[in-house]
Amino acid sequence: MTQTTYLQYEAPWPVHSLDWCKTPAPGQHLWARSAYRLGIASFVENYNNRIAVVGLQDERVLVEDDYTDYPDFATLCEVAHGYPATSLQWQPASAASHAWSNKSPSTELLATTGDALRIWEYVSDTGSQMSGYVGRQSAPVTHNLSLKTALSGQSKVQNQSTGAPLTNFSWNEKVPSLIVTSSIDTTCTVWNIDTAAAVTQLIAHDREVYDVAWLPNSTDIFVSVGADGSLRAFDLRSLEHSTILYETPAPKNVPVPSVSPSASARPPTSPLLRIAFNPSDSNYMSTFHMDGSEVQILDMRSPGQPVIELKAHHAPINALGWGSAERPLLATASGTSPRSAGSRLNSPRPDVKKRVVTEPVMAYTAPSPITNLAWSPLIKGMTMNSGFSTGTGEWVAIASGKSIRALKV
């Protein structure tokens, strides 16, 4: 039987945020199809945005139909979101066994950020689909996505009653009731989504904060990056100070500003847009600059300078993400010159001189710019309705205009 390494879906709107579900749906762990679900969010410049859950085509496609006429994924459910979602994530795998106070075991959670942190409940009823006769169309499957709560507290640095727009967030895998968000008002806020309350809010940067990430296996330490060009680490047990792990090098030959800044003012530097930890070795983080075509790999044990730089792109990078294998790949995606590249990185010793990597272990060129990407967990192989099969392993989903493409790694 022929194995497929490519799945595709065409959304009715441009896609920006997306994420691959971390586990099969509740009660469906023996049903491989439910592991192929994506959460996606639109990006249109008005208040009519949408978020949706898409999954593989199922038995609703009649056997006498030509399957090649259908995309691999179908929309399972969608709801209005208002402003575009700056980030969308499924609950971490640990959420299935977490002791929630007000969540049913049969539901899954998704979260989005934009003008607020929103928590959504997703429910799918596929019981009727699990048992059917050969050649008979199964009963319709019920999928429902509903808003559970919206969190937007008052900002420490703004006088308005609602919080400033949120740029991104990180879901704590050890205690999945904790989410930390980043905001354009220079703050980061830690939320307990089980009690729908803010745990703490801190002024994290001198300018907008663009991304935030929990240290793997920690409920106290997180890092953030922002428009001031710095990467900072925070410990909830000691919020009096932060640790600057990396700063964008100050530009040379900068013109003297027309106004008189303080003597200690630092020249404008290139913002850092994203931050992600290596899941198998949390000493290492990856980041990139605004309009930069290089990725910096940093070591928390030797802050200040990258230990590895990836120079496989020829256009500004839009997204990056680590896989979840024992030796994970790092995927990066760029815009004007669309390319998704994967690099397997051996962890260097902190005292070794910076290494430059220019050749990825694999690459994919899309027909239009890639705006975002998301890794799947390790998924078992299965036979699809089309007659093709998929092998066991990881997938990378990429957003390119209205198209979603899932690539087998």
# chains A, B, ... in the order shown; residues from 1 in each chain; ligands from 1
$ residues_around --residues "segment 234-241 of chain A" --least-positions-apart "6" --cutoff "12 Å" --atoms "only C-alpha atoms" --output "PyMOL selection string"
chain A and resi 180+187-190+199-205+212-215+218-225
$ write_last_selection --atoms "N, CA and C atoms" --output "CSV table (one decimal), in the first residue's frame"
chain,number,residue,atom,x,y,z
A,180,VAL,N,0.8,31.7,30.9
A,180,VAL,CA,1.4,33.0,30.9
A,180,VAL,C,1.2,33.7,29.6
A,187,THR,N,3.9,44.0,29.7
A,187,THR,CA,3.7,43.1,30.8
A,187,THR,C,3.6,41.7,30.4
A,188,CYS,N,3.8,40.8,31.3
A,188,CYS,CA,3.4,39.4,31.2
A,188,CYS,C,2.5,39.1,32.4
A,189,THR,N,1.5,38.3,32.2
A,189,THR,CA,0.5,37.9,33.2
A,189,THR,C,0.4,36.4,33.3
A,190,VAL,N,0.5,35.9,34.5
A,190,VAL,CA,0.3,34.5,34.8
A,190,VAL,C,-1.2,34.3,35.2
A,199,VAL,N,-2.8,35.3,38.5
A,199,VAL,CA,-2.0,34.9,39.6
A,199,VAL,C,-1.0,36.1,39.9
A,200,THR,N,-0.4,36.6,38.9
A,200,THR,CA,0.5,37.8,39.0
A,200,THR,C,0.7,38.4,37.7
A,201,GLN,N,1.0,39.7,37.7
A,201,GLN,CA,1.3,40.5,36.5
A,201,GLN,C,2.6,41.3,36.8
A,202,LEU,N,3.5,41.3,35.8
A,202,LEU,CA,4.8,42.0,36.0
A,202,LEU,C,5.2,42.7,34.8
A,203,ILE,N,5.8,43.8,35.0
A,203,ILE,CA,6.4,44.6,33.9
A,203,ILE,C,7.7,43.9,33.4
A,204,ALA,N,7.6,43.3,32.2
A,204,ALA,CA,8.7,42.4,31.8
A,204,ALA,C,9.8,43.1,30.9
A,205,HIS,N,9.4,44.0,30.1
A,205,HIS,CA,10.3,44.6,29.2
A,205,HIS,C,10.1,46.1,29.1
A,212,VAL,N,6.5,34.5,24.9
A,212,VAL,CA,6.8,34.0,26.2
A,212,VAL,C,6.7,32.5,26.2
A,213,ALA,N,7.5,31.9,27.1
A,213,ALA,CA,7.6,30.4,27.1
A,213,ALA,C,8.0,29.9,28.5
A,214,TRP,N,7.2,29.0,29.0
A,214,TRP,CA,7.6,28.3,30.3
A,214,TRP,C,8.9,27.5,30.1
A,215,LEU,N,9.8,27.5,31.1
A,215,LEU,CA,10.9,26.6,31.1
A,215,LEU,C,10.3,25.2,31.3
A,218,SER,N,8.9,23.2,34.6
A,218,SER,CA,8.9,24.2,35.7
A,218,SER,C,7.5,24.9,35.8
A,219,THR,N,7.1,25.3,37.0
A,219,THR,CA,5.9,26.1,37.2
A,219,THR,C,6.3,27.5,37.7
A,220,ASP,N,7.6,27.8,37.8
A,220,ASP,CA,8.0,29.0,38.3
A,220,ASP,C,8.8,29.9,37.4
A,221,ILE,N,9.5,29.3,36.4
A,221,ILE,CA,10.4,30.1,35.5
A,221,ILE,C,9.8,30.1,34.1
A,222,PHE,N,9.8,31.3,33.6
A,222,PHE,CA,9.5,31.5,32.2
A,222,PHE,C,10.4,32.6,31.6
A,223,VAL,N,10.5,32.6,30.2
A,223,VAL,CA,11.3,33.6,29.5
A,223,VAL,C,10.4,34.3,28.5
A,224,SER,N,10.9,35.5,28.2
A,224,SER,CA,10.1,36.3,27.2
A,224,SER,C,11.1,37.1,26.3
A,225,VAL,N,10.5,37.5,25.2
A,225,VAL,CA,11.3,38.3,24.2
A,225,VAL,C,10.4,39.5,23.8
$ select_by_dssp --residues "segment 8-220 of chain A" --states "alpha helix (DSSP H)" --output "ChimeraX atom specification"
/A:127-130
$ residues_around --residues "His16 of chain A" --least-positions-apart "6" --cutoff "9 Å" --atoms "only C-alpha atoms" --output "list of chain:residue names"
A:Ile40, A:Ala41, A:Ser42, A:Phe43, A:Pro84, A:Ala85, A:Thr86, A:Ser87, A:Thr371, A:Asn372, A:Ala399, A:Ser400, A:Gly401, A:Lys402
$ residues_around --residues "segment 307-309 of chain A" --least-positions-apart "2" --cutoff "6 Å" --atoms "only C-alpha atoms" --output "number ranges by chain"
A: 295-298, 354-356
$ residues_around --residues "Ser293 of chain A" --least-positions-apart "6" --cutoff "8 Å" --atoms "only C-alpha atoms" --output "list in words"
Lys311, Ala312, His313, His314, Ala315, Pro316, Ile317 and Ser334 of chain A
$ write_last_selection --atoms "C-alpha atoms" --output "compact mmCIF listing (two decimals), in the first residue's frame"
# COMPACT_ATOMS: atom_id res chain seq x y z
CA LYS A 311 21.58 30.43 8.25
CA ALA A 312 19.48 28.33 5.86
CA HIS A 313 16.99 31.04 4.85
CA HIS A 314 17.32 33.93 2.42
CA ALA A 315 14.26 35.87 3.61
CA PRO A 316 12.89 37.02 6.99
CA ILE A 317 11.78 34.19 9.27
CA SER A 334 10.28 32.14 6.13
$ atom_distance --atom1 "atom CA of Pro14 of chain A" --atom2 "atom CA of Thr383 of chain A"
29.9 Å
$ closest_residue --among "A:Ser152, A:Ser286, A:Ser368, A:Ser324" --to "Val409 of chain A" --atoms "only C-alpha atoms"
A:Ser324
$ atom_distance --atom1 "atom CA of Leu147 of chain A" --atom2 "atom CA of Trp395 of chain A"
28.3 Å
$ atom_distance --atom1 "atom CA of Ser182 of chain A" --atom2 "atom CA of Ala333 of chain A"
22.2 Å
$ residues_around --residues "Phe277 of chain A" --least-positions-apart "4" --cutoff "8 Å" --atoms "only C-alpha atoms" --output "count of residues only"
10
$ closest_residue --among "A:Ser389, A:Asn102, A:Thr248, A:Thr186" --to "Thr167 of chain A" --atoms "only C-alpha atoms"
A:Thr186
